[in-house]
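*Asks:* Here you go, one structure.
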Amino acid sequence: MTIQSSIAVEDWTATKPVDGNIAEAHYLVVTQTSPEMRATDELEIQYISDLPLDEATLRNSLRATYPIYDSQGNTTYGTPDMSKVAVSLTSHEGRTFIKVKSPVPINYVPLTINFTAKQKDSNVLPPVPVTVMQLPPIYVTAKSSAGIRTYWYSAFGGKISNNNYITNSLLYTVHTIVPQQGMLMGDASSLDGSTKKDAESNQLVSPEFIIASQWSNAPEMEQSGEYSFKELDDDIRADAKILEERFPLEIKERNGTIRGSERYRLTLLRGVRLKKWFTAGYFLEDAYRSPTERAVPFYSPVDPQTNQKYFTADFFAPYRLRMFKSAEQMAKQYYEDEYGPGGFHMIAGMDYPTIIKYGGGAAAWRGRSQTTVLFYPISYAYPYLTPGGKELPYKGDWRLPTTAELQLISKIQRDPHSAVKYLLPYPNAWAAQTGVIVNTSNGQTTTGPAALRFLSLTYTNTDSYESQI
């Protein structure tokens, strides 16, 4: 065996040139670039720098904005009194800080404060952008809802009056980080996910809850009670037999192609009272438009992944389906966007675009015309899915709000300083408390029928418990 080796000898005392000048090796570290000011008017952000910071850059780059939400779900941005918002430099105990001062907002929305930190008289290091989120004691955030897959269960897109449509698809979340005087924070949910009905539990406000969007808009209904599965199935099938004949004749009537004998038959069919399907007055004008030009596709939310509308046509107008007897039943079975129950539910009614998207493709339509509308129950055990066709990531139970939660919402939207005045743009809403309705314009309680506008969702994850509306 032969072993070969070699040795290299280097002069370790000799230095090699370094690419750069040590005098220009600066450092700047801002310890928090996205901090929060939680119900406070002052914040100090520590920074470490070998050079002083440029205060002029701090002041000149200072900006602040807050969101304003209108009745249609559009978002604009306002600017606070900038004379009261300031950034400066300070130091104590051998450490250096950027000090942010701003009055605690009273408009119930976060204030976003932006500025840039830069070393003075040096351009070696890039500026460091800082975004501070200043949160009021009680504040509202919002996200666009993707809606519900079975759009014909909803009044979304309906016309209320001239130039007034049901189109607000924002899911508002109400956060409480510092309870105000008289507020009792807690969880009013029962073991089954519904809200407790007693007066004491209805004094509680969840620390965080989501208000369902106008996709939850529904006709007036009772507070409690349920349609049985058999009642729903029997009534929907009976309605379907009438509508399968009546619906095509109504299309002919609108097109001006109906014959005399058909008109007589249509008159007879209209004399039969429908039980669960109904003619929605807010979609009567839509009936005279083509399915792709109706309100639902026009106001449809957009899938952020594909930039395509979730809903491309409404084949049911002017018909909608009443699946729930009461506000409590609707809450129990409701789903929207990414929130709703796990398991399966009954689906009644179907059109071509929906079956293509969720039901297995064109073969599932079994050779029917693309304009065909089905009114009978399609499935008794279909999974709850998002409008994008995915499993709901947040499984839980939507519930009726407590009396105190409704009163808090009323307070927020009627406050003259509020930037969120349309959380609940309807006169009355059922609370969970037995027989109690809250007047949303003044927070007073009464009894009687209410137009259901919103529900609440509570769910538990592995890290923490959150209650959502």
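Residue names in the structure tokens use chain letters A, B, ... in the order shown, residue numbers from 1 in each chain, and ligand numbers from 1 in the order shown.
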Set the distance at 10 Å and use only C-alpha atoms: which residues neighbour Asp54 of chain A once local chain neighbours fewer than 4 positions away are removed? I'd like the list as a PyMOL selection string.
*Replies:* chain A and resi 58-59+88-89+116-122
*Asks:* List the spatial neighbours of Gly349 of chain A as an MDAnalysis selection string - criterion: any atom at most 10 Å away, only C-alpha atoms, same-chain residues fewer than 6 positions off excluded.
*Replies:* chainID A and resid 150 152:153 236 240 277 316 320:321 373:379
*Asks:* Write the residues of the selection above to a file with C-alpha atoms, as a short mmCIF file (atom, residue, chain, number, x, y, z; two decimals), in the first residue's frame.
*Replies:*
```cif
data_model
loop_
_atom_site.label_atom_id
_atom_site.label_comp_id
_atom_site.auth_asym_id
_atom_site.auth_seq_id
_atom_site.Cartn_x
_atom_site.Cartn_y
_atom_site.Cartn_z
CA THR A 150 -76.16 28.37 -2.09
CA TRP A 152 -80.54 31.31 -3.52
CA TYR A 153 -80.88 30.99 0.29
CA ILE A 236 -89.77 21.63 -0.95
CA ALA A 240 -90.80 21.87 -6.87
CA TRP A 277 -89.86 28.67 -2.04
CA PHE A 316 -83.28 31.52 -9.66
CA ARG A 320 -85.50 32.38 -3.10
CA LEU A 321 -85.73 29.51 -0.62
CA VAL A 373 -83.15 25.20 -12.71
CA LEU A 374 -83.86 22.46 -10.17
CA PHE A 375 -86.04 23.25 -7.17
CA TYR A 376 -86.15 19.94 -5.32
CA PRO A 377 -83.69 18.60 -2.66
CA ILE A 378 -80.41 17.69 -4.32
CA SER A 379 -78.53 16.17 -1.40
#
```
*Asks:* So how many Å separate atom CA of Glu262 of chain A and atom CA of Gly281 of chain A, to one decimal?
*Replies:*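 One can read the atom CA of Glu262 of chain A to atom CA of Gly281 of chain A distance as 23.5 Å.
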*Asks:* Which residues come within 12 Å of Gly94 of chain A, counting only C-alpha atoms, excluding same-chain residues fewer than 6 positions away, as a compact mmCIF listing (two decimals) with C-alpha atoms, in the first residue's frame?
*Replies:*
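For reference, result13.txt as written:
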```txt
# COMPACT_ATOMS: atom_id res chain seq x y z
CA GLN A 46 -36.06 50.86 21.09
CA TYR A 47 -33.43 51.19 18.40
CA ILE A 48 -29.68 50.50 18.26
```
